[in-house]
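Shown here: my_file12.txt, compact mmCIF, N, CA and C atoms.
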# COMPACT_ATOMS: atom_id res chain seq x y z
N MET L 234 248.32 -74.41 107.09
CA MET L 234 247.82 -75.21 105.99
C MET L 234 246.62 -76.03 106.46
N ALA L 235 245.57 -76.01 105.69
CA ALA L 235 244.36 -76.76 106.03
C ALA L 235 244.57 -78.25 105.76
N GLU L 236 244.01 -79.07 106.61
CA GLU L 236 244.09 -80.51 106.40
C GLU L 236 243.11 -80.92 105.31
N ALA L 237 243.51 -81.91 104.53
CA ALA L 237 242.65 -82.40 103.45
C ALA L 237 242.10 -83.76 103.83
N GLN L 238 240.91 -84.04 103.35
CA GLN L 238 240.31 -85.34 103.55
C GLN L 238 240.65 -86.21 102.35
N PHE L 239 241.04 -87.46 102.61
CA PHE L 239 241.43 -88.38 101.55
C PHE L 239 240.57 -89.63 101.57
N TRP L 240 240.36 -90.19 100.39
CA TRP L 240 239.81 -91.53 100.25
C TRP L 240 240.98 -92.49 100.39
N ILE L 241 240.75 -93.63 100.99
CA ILE L 241 241.79 -94.64 101.12
C ILE L 241 241.37 -95.86 100.32
N GLY L 242 242.20 -96.21 99.34
CA GLY L 242 241.97 -97.39 98.52
C GLY L 242 242.95 -98.48 98.92
N ILE L 243 242.46 -99.69 99.01
CA ILE L 243 243.27 -100.84 99.36
C ILE L 243 243.29 -101.76 98.14
N HIS L 244 244.49 -102.06 97.62
CA HIS L 244 244.60 -102.82 96.38
C HIS L 244 245.58 -103.98 96.53
N GLY L 245 245.30 -105.07 95.82
CA GLY L 245 246.12 -106.27 95.92
C GLY L 245 246.84 -106.61 94.63
N VAL L 246 248.13 -106.90 94.76
CA VAL L 246 248.92 -107.43 93.67
C VAL L 246 248.85 -108.95 93.84
N ILE L 247 247.94 -109.56 93.10
CA ILE L 247 247.75 -111.01 93.18
C ILE L 247 248.66 -111.65 92.14
N VAL L 248 249.55 -112.50 92.59
CA VAL L 248 250.52 -113.13 91.70
C VAL L 248 250.25 -114.62 91.62
N GLU L 249 250.24 -115.11 90.39
CA GLU L 249 250.05 -116.55 90.13
C GLU L 249 250.93 -116.90 88.94
N GLY L 250 251.86 -117.80 89.13
CA GLY L 250 252.73 -118.22 88.03
C GLY L 250 253.54 -117.08 87.44
N GLY L 251 253.96 -116.14 88.25
CA GLY L 251 254.75 -115.00 87.77
C GLY L 251 253.96 -113.92 87.08
N ARG L 252 252.65 -114.04 87.09
CA ARG L 252 251.80 -113.03 86.44
C ARG L 252 250.92 -112.33 87.47
N VAL L 253 250.55 -111.08 87.17
CA VAL L 253 249.76 -110.24 88.05
C VAL L 253 248.35 -110.09 87.47
N LEU L 254 247.36 -110.16 88.32
CA LEU L 254 245.97 -109.99 87.88
C LEU L 254 245.64 -108.51 87.79
N VAL L 255 245.16 -108.09 86.61
CA VAL L 255 244.64 -106.73 86.43
C VAL L 255 243.21 -106.82 85.90
N LEU L 256 242.41 -105.84 86.25
CA LEU L 256 241.00 -105.79 85.87
C LEU L 256 240.73 -104.51 85.10
N ARG L 257 239.91 -104.61 84.04
CA ARG L 257 239.54 -103.40 83.29
C ARG L 257 238.22 -102.86 83.83
N ARG L 258 238.25 -101.59 84.17
CA ARG L 258 237.08 -100.93 84.73
C ARG L 258 235.95 -100.85 83.69
N ALA L 259 234.75 -101.18 84.12
CA ALA L 259 233.58 -101.23 83.24
C ALA L 259 233.24 -99.83 82.71
N PRO L 260 232.58 -99.77 81.54
CA PRO L 260 232.22 -98.49 80.94
C PRO L 260 231.32 -97.63 81.84
N ARG L 261 230.55 -98.23 82.72
CA ARG L 261 229.63 -97.47 83.57
C ARG L 261 230.32 -96.81 84.77
N MET L 262 231.59 -97.15 85.02
CA MET L 262 232.30 -96.57 86.15
C MET L 262 232.52 -95.08 85.91
N THR L 263 232.31 -94.27 86.95
CA THR L 263 232.46 -92.82 86.78
C THR L 263 233.92 -92.39 86.70
N TYR L 264 234.80 -93.09 87.41
CA TYR L 264 236.22 -92.73 87.39
C TYR L 264 236.98 -93.71 86.49
N ARG L 265 237.59 -93.19 85.46
CA ARG L 265 238.49 -93.93 84.58
C ARG L 265 237.91 -95.24 84.01
N PRO L 266 236.73 -95.18 83.39
CA PRO L 266 236.23 -96.40 82.74
C PRO L 266 237.20 -96.84 81.66
N GLY L 267 237.32 -98.16 81.48
CA GLY L 267 238.21 -98.71 80.46
C GLY L 267 239.67 -98.79 80.86
N HIS L 268 240.02 -98.31 82.04
CA HIS L 268 241.40 -98.37 82.50
C HIS L 268 241.66 -99.66 83.28
N TRP L 269 242.90 -100.11 83.21
CA TRP L 269 243.32 -101.32 83.92
C TRP L 269 243.70 -100.96 85.34
N ASP L 270 243.28 -101.79 86.27
CA ASP L 270 243.36 -101.51 87.70
C ASP L 270 243.73 -102.80 88.43
N LEU L 271 244.21 -102.67 89.64
CA LEU L 271 244.37 -103.83 90.51
C LEU L 271 243.07 -104.09 91.25
N PRO L 272 242.78 -105.31 91.63
CA PRO L 272 241.59 -105.55 92.44
C PRO L 272 241.72 -104.82 93.78
N GLY L 273 240.61 -104.34 94.27
CA GLY L 273 240.59 -103.65 95.56
C GLY L 273 239.49 -102.61 95.59
N GLY L 274 239.50 -101.80 96.62
CA GLY L 274 238.46 -100.79 96.74
C GLY L 274 238.66 -99.92 97.97
N HIS L 275 237.61 -99.22 98.32
CA HIS L 275 237.68 -98.25 99.42
C HIS L 275 237.52 -98.90 100.79
N LEU L 276 238.30 -98.40 101.70
CA LEU L 276 238.23 -98.82 103.09
C LEU L 276 236.93 -98.31 103.71
N ALA L 277 236.21 -99.20 104.35
CA ALA L 277 234.96 -98.84 105.03
C ALA L 277 235.23 -98.62 106.52
N HIS L 278 234.32 -97.87 107.17
CA HIS L 278 234.44 -97.68 108.61
C HIS L 278 234.37 -99.02 109.33
N ASN L 279 235.09 -99.13 110.41
CA ASN L 279 235.10 -100.35 111.25
C ASN L 279 235.62 -101.57 110.50
N GLU L 280 236.52 -101.36 109.56
CA GLU L 280 237.08 -102.44 108.78
C GLU L 280 238.60 -102.24 108.75
N THR L 281 239.36 -103.31 108.97
CA THR L 281 240.81 -103.18 108.83
C THR L 281 241.16 -103.16 107.35
N MET L 282 242.37 -102.73 107.05
CA MET L 282 242.81 -102.71 105.65
C MET L 282 242.82 -104.12 105.08
N GLU L 283 243.24 -105.07 105.88
CA GLU L 283 243.29 -106.46 105.41
C GLU L 283 241.89 -107.01 105.16
N GLN L 284 240.95 -106.72 106.06
CA GLN L 284 239.57 -107.16 105.86
C GLN L 284 239.00 -106.54 104.59
N CYS L 285 239.29 -105.27 104.38
CA CYS L 285 238.81 -104.57 103.18
C CYS L 285 239.32 -105.26 101.92
N LEU L 286 240.61 -105.54 101.89
CA LEU L 286 241.19 -106.13 100.69
C LEU L 286 240.62 -107.52 100.41
N ILE L 287 240.53 -108.34 101.41
CA ILE L 287 239.97 -109.69 101.22
C ILE L 287 238.53 -109.60 100.73
N ARG L 288 237.74 -108.70 101.32
CA ARG L 288 236.34 -108.52 100.91
C ARG L 288 236.25 -108.02 99.47
N GLU L 289 237.01 -106.98 99.14
CA GLU L 289 236.94 -106.39 97.81
C GLU L 289 237.37 -107.37 96.72
N ILE L 290 238.44 -108.11 96.98
CA ILE L 290 238.90 -109.09 95.98
C ILE L 290 237.84 -110.17 95.77
N ALA L 291 237.24 -110.64 96.86
CA ALA L 291 236.18 -111.65 96.72
C ALA L 291 234.99 -111.09 95.94
N GLU L 292 234.58 -109.85 96.22
CA GLU L 292 233.45 -109.25 95.52
C GLU L 292 233.75 -109.04 94.04
N GLU L 293 234.95 -108.58 93.73
CA GLU L 293 235.29 -108.21 92.35
C GLU L 293 235.70 -109.39 91.48
N THR L 294 236.26 -110.44 92.09
CA THR L 294 236.83 -111.53 91.29
C THR L 294 236.34 -112.92 91.66
N GLY L 295 235.73 -113.06 92.82
CA GLY L 295 235.34 -114.38 93.30
C GLY L 295 236.51 -115.18 93.85
N LEU L 296 237.68 -114.56 93.93
CA LEU L 296 238.88 -115.25 94.39
C LEU L 296 239.10 -115.04 95.88
N GLU L 297 239.73 -116.02 96.49
CA GLU L 297 240.13 -115.94 97.89
C GLU L 297 241.65 -115.74 97.90
N VAL L 298 242.12 -114.79 98.71
CA VAL L 298 243.56 -114.54 98.77
C VAL L 298 244.07 -114.55 100.20
N GLU L 299 245.37 -114.72 100.30
CA GLU L 299 246.09 -114.51 101.55
C GLU L 299 247.00 -113.32 101.32
N ILE L 300 247.05 -112.44 102.27
CA ILE L 300 247.89 -111.26 102.17
C ILE L 300 249.28 -111.62 102.68
N GLU L 301 250.28 -111.32 101.87
CA GLU L 301 251.66 -111.63 102.25
C GLU L 301 252.31 -110.47 103.01
N ARG L 302 252.21 -109.26 102.43
CA ARG L 302 252.82 -108.09 103.08
C ARG L 302 252.40 -106.81 102.37
N MET L 303 252.57 -105.70 103.05
CA MET L 303 252.31 -104.40 102.44
C MET L 303 253.50 -104.03 101.58
N LEU L 304 253.22 -103.59 100.35
CA LEU L 304 254.30 -103.17 99.45
C LEU L 304 254.59 -101.68 99.59
N GLY L 305 253.58 -100.90 99.94
CA GLY L 305 253.80 -99.47 100.08
C GLY L 305 252.54 -98.66 99.89
N LEU L 306 252.74 -97.35 99.88
CA LEU L 306 251.65 -96.39 99.74
C LEU L 306 251.88 -95.54 98.50
N ASN L 307 250.79 -95.06 97.93
CA ASN L 307 250.86 -94.13 96.81
C ASN L 307 249.84 -93.03 97.03
N GLN L 308 250.27 -91.80 96.92
CA GLN L 308 249.35 -90.67 96.98
C GLN L 308 249.03 -90.26 95.55
N ALA L 309 247.77 -90.30 95.20
CA ALA L 309 247.35 -90.00 93.84
C ALA L 309 247.70 -88.57 93.46
N GLU L 310 248.06 -88.40 92.19
CA GLU L 310 248.37 -87.07 91.67
C GLU L 310 247.12 -86.36 91.18
N ASP L 311 246.04 -87.11 90.95
CA ASP L 311 244.85 -86.51 90.34
C ASP L 311 243.66 -86.43 91.28
N GLY L 312 243.90 -86.42 92.58
CA GLY L 312 242.77 -86.28 93.49
C GLY L 312 243.13 -86.66 94.91
N PRO L 313 242.19 -86.48 95.81
CA PRO L 313 242.44 -86.75 97.23
C PRO L 313 242.32 -88.25 97.54
N TYR L 314 243.31 -88.99 97.13
CA TYR L 314 243.22 -90.44 97.18
C TYR L 314 244.57 -91.01 97.55
N VAL L 315 244.59 -91.93 98.48
CA VAL L 315 245.80 -92.65 98.86
C VAL L 315 245.54 -94.13 98.67
N GLN L 316 246.49 -94.81 98.02
CA GLN L 316 246.36 -96.23 97.79
C GLN L 316 247.37 -96.98 98.67
N VAL L 317 246.88 -98.04 99.30
CA VAL L 317 247.73 -98.95 100.07
C VAL L 317 247.81 -100.22 99.22
N ILE L 318 249.05 -100.63 98.90
CA ILE L 318 249.25 -101.74 97.98
C ILE L 318 249.82 -102.93 98.76
N TYR L 319 249.16 -104.08 98.60
CA TYR L 319 249.57 -105.31 99.28
C TYR L 319 249.95 -106.38 98.26
N ALA L 320 250.94 -107.20 98.61
CA ALA L 320 251.25 -108.41 97.85
C ALA L 320 250.34 -109.52 98.37
N CYS L 321 249.75 -110.27 97.44
CA CYS L 321 248.81 -111.34 97.80
C CYS L 321 249.13 -112.60 97.00
N ARG L 322 248.63 -113.71 97.50
CA ARG L 322 248.69 -114.96 96.74
C ARG L 322 247.31 -115.62 96.84
N LEU L 323 247.01 -116.41 95.84
CA LEU L 323 245.73 -117.09 95.83
C LEU L 323 245.68 -118.12 96.95
N ALA L 324 244.52 -118.23 97.55
CA ALA L 324 244.25 -119.24 98.58
C ALA L 324 243.03 -120.03 98.11
N GLY L 325 242.84 -121.18 98.64
CA GLY L 325 241.70 -121.99 98.21
C GLY L 325 241.95 -122.59 96.84
N GLU L 326 240.94 -123.25 96.32
CA GLU L 326 241.10 -123.98 95.07
C GLU L 326 240.71 -123.18 93.84
N ARG L 327 239.88 -122.18 94.00
CA ARG L 327 239.38 -121.41 92.86
C ARG L 327 240.51 -120.63 92.20
N ARG L 328 240.60 -120.76 90.85
CA ARG L 328 241.60 -120.02 90.07
C ARG L 328 240.94 -119.20 88.95
N GLN L 329 239.69 -119.48 88.68
CA GLN L 329 238.99 -118.78 87.61
C GLN L 329 238.39 -117.49 88.15
N VAL L 330 238.65 -116.39 87.46
CA VAL L 330 238.14 -115.08 87.87
C VAL L 330 236.68 -114.97 87.47
N ARG L 331 235.85 -114.53 88.42
CA ARG L 331 234.43 -114.26 88.18
C ARG L 331 234.22 -112.77 88.42
N LEU L 332 234.08 -112.01 87.35
CA LEU L 332 233.98 -110.55 87.45
C LEU L 332 232.61 -110.09 87.90
N SER L 333 232.61 -108.97 88.61
CA SER L 333 231.38 -108.25 88.92
C SER L 333 231.16 -107.27 87.76
N PRO L 334 230.20 -107.55 86.85
CA PRO L 334 230.08 -106.77 85.61
C PRO L 334 229.78 -105.29 85.81
N ASN L 335 229.27 -104.91 86.95
CA ASN L 335 229.05 -103.49 87.21
C ASN L 335 230.35 -102.74 87.44
N GLU L 336 231.42 -103.49 87.79
CA GLU L 336 232.69 -102.86 88.10
C GLU L 336 233.77 -103.09 87.06
N HIS L 337 233.83 -104.32 86.50
CA HIS L 337 234.90 -104.66 85.56
C HIS L 337 234.35 -105.50 84.42
N ASP L 338 234.95 -105.32 83.23
CA ASP L 338 234.47 -106.09 82.08
C ASP L 338 235.53 -107.00 81.47
N ASP L 339 236.75 -107.00 82.04
CA ASP L 339 237.78 -107.90 81.55
C ASP L 339 238.82 -108.11 82.66
N ALA L 340 239.47 -109.25 82.61
CA ALA L 340 240.54 -109.58 83.55
C ALA L 340 241.66 -110.23 82.76
N ARG L 341 242.89 -109.89 83.14
CA ARG L 341 244.06 -110.49 82.49
C ARG L 341 245.13 -110.78 83.53
N TRP L 342 245.85 -111.86 83.28
CA TRP L 342 247.05 -112.17 84.04
C TRP L 342 248.22 -111.71 83.18
N ILE L 343 248.97 -110.73 83.68
CA ILE L 343 250.03 -110.07 82.91
C ILE L 343 251.38 -110.32 83.60
N GLU L 344 252.39 -110.64 82.81
CA GLU L 344 253.74 -110.73 83.38
C GLU L 344 254.17 -109.36 83.85
N ALA L 345 254.82 -109.30 85.00
CA ALA L 345 255.17 -108.03 85.63
C ALA L 345 255.90 -107.05 84.70
N PRO L 346 256.90 -107.48 83.92
CA PRO L 346 257.57 -106.52 83.05
C PRO L 346 256.65 -105.90 81.99
N ALA L 347 255.63 -106.64 81.57
CA ALA L 347 254.70 -106.14 80.55
C ALA L 347 253.67 -105.18 81.13
N LEU L 348 253.52 -105.19 82.43
CA LEU L 348 252.50 -104.35 83.07
C LEU L 348 252.71 -102.87 82.75
N GLY L 349 253.95 -102.42 82.78
CA GLY L 349 254.25 -101.02 82.49
C GLY L 349 253.98 -100.63 81.05
N ARG L 350 253.88 -101.61 80.17
CA ARG L 350 253.60 -101.34 78.75
C ARG L 350 252.12 -101.49 78.40
N LEU L 351 251.32 -101.90 79.37
CA LEU L 351 249.89 -102.09 79.12
C LEU L 351 249.22 -100.73 78.90
N GLU L 352 248.56 -100.60 77.78
CA GLU L 352 247.88 -99.36 77.43
C GLU L 352 246.68 -99.13 78.37
N GLY L 353 246.55 -97.92 78.90
CA GLY L 353 245.39 -97.57 79.70
C GLY L 353 245.46 -97.96 81.16
N LEU L 354 246.64 -97.93 81.76
CA LEU L 354 246.74 -98.18 83.20
C LEU L 354 246.11 -97.02 83.95
N ILE L 355 245.38 -97.33 85.00
CA ILE L 355 244.83 -96.30 85.86
C ILE L 355 246.02 -95.52 86.47
N PRO L 356 245.92 -94.21 86.68
CA PRO L 356 247.09 -93.42 87.08
C PRO L 356 247.86 -93.93 88.30
N TYR L 357 247.17 -94.37 89.35
CA TYR L 357 247.91 -94.81 90.52
C TYR L 357 248.75 -96.05 90.20
N LEU L 358 248.22 -96.96 89.36
CA LEU L 358 248.96 -98.17 89.02
C LEU L 358 250.17 -97.83 88.15
N ALA L 359 250.01 -96.88 87.24
CA ALA L 359 251.16 -96.43 86.45
C ALA L 359 252.23 -95.85 87.37
N ALA L 360 251.83 -95.10 88.38
CA ALA L 360 252.79 -94.53 89.34
C ALA L 360 253.47 -95.62 90.16
N VAL L 361 252.71 -96.63 90.59
CA VAL L 361 253.27 -97.73 91.36
C VAL L 361 254.32 -98.47 90.53
N VAL L 362 254.04 -98.70 89.25
CA VAL L 362 254.99 -99.37 88.37
C VAL L 362 256.23 -98.49 88.18
N ARG L 363 256.03 -97.20 87.88
CA ARG L 363 257.16 -96.27 87.70
C ARG L 363 258.06 -96.20 88.92
N ARG L 364 257.45 -96.23 90.09
CA ARG L 364 258.21 -96.12 91.34
C ARG L 364 258.93 -97.41 91.70
N GLY L 365 258.69 -98.49 90.97
CA GLY L 365 259.39 -99.75 91.22
C GLY L 365 258.79 -100.59 92.33
N MET L 366 257.55 -100.31 92.73
CA MET L 366 256.94 -101.07 93.81
C MET L 366 256.68 -102.54 93.45
N LEU L 367 256.69 -102.84 92.16
CA LEU L 367 256.46 -104.23 91.74
C LEU L 367 257.73 -104.90 91.23
N ASP L 368 258.85 -104.26 91.38
CA ASP L 368 260.12 -104.82 90.90
C ASP L 368 260.46 -106.14 91.59
N TYR L 369 259.94 -106.36 92.78
CA TYR L 369 260.23 -107.61 93.49
C TYR L 369 259.76 -108.83 92.68
N LEU L 370 258.83 -108.63 91.76
CA LEU L 370 258.30 -109.73 90.97
C LEU L 370 259.28 -110.23 89.91
N THR L 371 260.26 -109.44 89.56
CA THR L 371 261.19 -109.82 88.48
C THR L 371 262.58 -110.17 89.01
N ARG L 372 262.75 -110.24 90.31
CA ARG L 372 264.06 -110.58 90.88
C ARG L 372 264.25 -112.07 90.94

Rewrite the coordinates I just gave you, this time as structure tokens.
Amino acid sequence: MAEAQFWIGIHGVIVEGGRVLVLRRAPRMTYRPGHWDLPGGHLAHNETMEQCLIREIAEETGLEVEIERMLGLNQAEDGPYVQVIYACRLAGERRQVRLSPNEHDDARWIEAPALGRLEGLIPYLAAVVRRGMLDYLTR
């Protein structure tokens, strides 16, 4: 069997007051515009997964986070993509989301049980919810 090359995405489940931050992908995005996604992005060379996540969240939302722990991995069903999912909490004083308009056009804080009912979840996030990776939020 031939080895496949994968993209690695690093994503954060940022929780504040029992709600999770989700971002809607901007219309100009080539992959899944208009879908709800977790903050995060692709791992760059010479960057740890944690450095990637902190950088991507700051770029996409203007928020500073602390990483609590890795929640798990997801292998995408629709392409050569693996997502690493981390639990995060807000750090610093900033609580207002400042979106990067080239990437996202809306942000919402959603209660964890409602996340699975949100219309237009990006496929990996729907899989993460189905697999119960976010169930820790409702215990």

>> Give me, as a list in words, all polymer residues having an atom no more than 7 Å from Ala345 of chain L, counting only N, CA and C atoms and skipping those fewer than 5 positions away in the same chain.
In response: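 Those residues are Gly251, Arg252, Val253, Leu367, Leu370 and Thr371 of chain L.
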
> Between atom CA of Asn307 of chain L and atom CA of Ala259 of chain L, what is the distance, to one decimal in Å?
Replying inline: 23.1 Å

> Taking the backbone alone, and naming residues the way the document does, which bits of segment 255-371 of chain L are strand (DSSP E) by DSSP, as a PyMOL selection string?
Replying inline: chain L and resi 255-258+269-270+273-275+297-308+314-324+337-344

> Looking at L:Asp368, L:Glu344, L:Glu336, L:Glu283, which one is nearest to Arg257 of chain L, with distances taken over only N, CA and C atoms?
Replying inline: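 Under the stated criterion, the closest residue is L:Glu336.
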
>> I'd like the interatomic distance between atom CA of His278 of chain L and atom CA of Val298 of chain L, to a tenth of an Å.
In response: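 Interatomic distance, atom CA of His278 of chain L to atom CA of Val298 of chain L: 21.5 Å.
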
> Within 7 Å of (241.1, -118.7, 98.0), in the coordinates the file gives, what residues turn up when you count all atoms listed in the file, written out as a ChimeraX atom specification?
Replying inline: /L:296-299,323-327

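Checking L:Gly245, L:Gly295, L:Gly353, L:Pro313 one by one against His268 of chain L, counting only N, CA and C atoms, you find the shortest gap at L:Gly353.
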
>> I'd like to know which of L:Arg350, L:Arg363, L:Arg341, L:Arg372 is closest to Val255 of chain L, using only N, CA and C atoms.
In response: L:Arg341

>> Just to confirm, what's the straight-line distance from atom C of Glu249 of chain L to atom CA of Tyr319 of chain L in Å (one decimal)?
In response: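 So the answer is 15.6 Å.
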
> Which is closer to Leu358 of chain L than all the others in L:Phe239, L:Arg302, L:Asp270, L:Arg261, using all atoms listed in the file?
Replying inline: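 Of all the options, L:Asp270 lies closest to Leu358 of chain L.
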
>> Taking the DSSP secondary structure from the backbone, can you list the residues of chain L that are helix (DSSP H, G or I), as a list in words?
In response: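 So, restricting chain L to helix (DSSP H, G or I), we get Met282, Glu283, Gln284, Cys285, Leu286, Ile287, Arg288, Glu289, Ile290, Ala291, Glu292, Glu293, Thr294, Ala345, Pro346, Ala347, Leu348, Pro356, Tyr357, Leu358, Ala359, Ala360, Val361, Val362, Arg363, Asp368, Tyr369, Leu370 and Thr371 of chain L.
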
> Out of L:Ala237, L:Arg328, L:Ile243, L:Tyr357, which residue has the shortest atom-to-atom distance to Gln308 of chain L when counting all atoms listed in the file?
Replying inline: L:Tyr357

> Out of L:Leu254, L:Leu306, L:Met262, L:Ile300, which residue has the shortest atom-to-atom distance to Asn335 of chain L when counting all atoms listed in the file?
Replying inline: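 For Asn335 of chain L, the nearest of the candidates is L:Met262.
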
Which centre and which edge lengths, in Å to one decimal, describe the axis-aligned box that holds all listed atoms of segment 347-361 of chain L after 8 Å is added on each side, as JSON?
{"center_x": 250.2, "center_y": -100.0, "center_z": 84.4, "size_x": 26.8, "size_y": 29.2, "size_z": 29.9}

> Which residues come within 9 Å of Leu276 of chain L, counting only C-alpha atoms, excluding same-chain residues fewer than 2 positions away, as JSON, numbers by chain?
Replying inline: {"L": [240, 241, 242, 243, 274, 278, 279, 280, 281, 282, 284, 285, 286]}
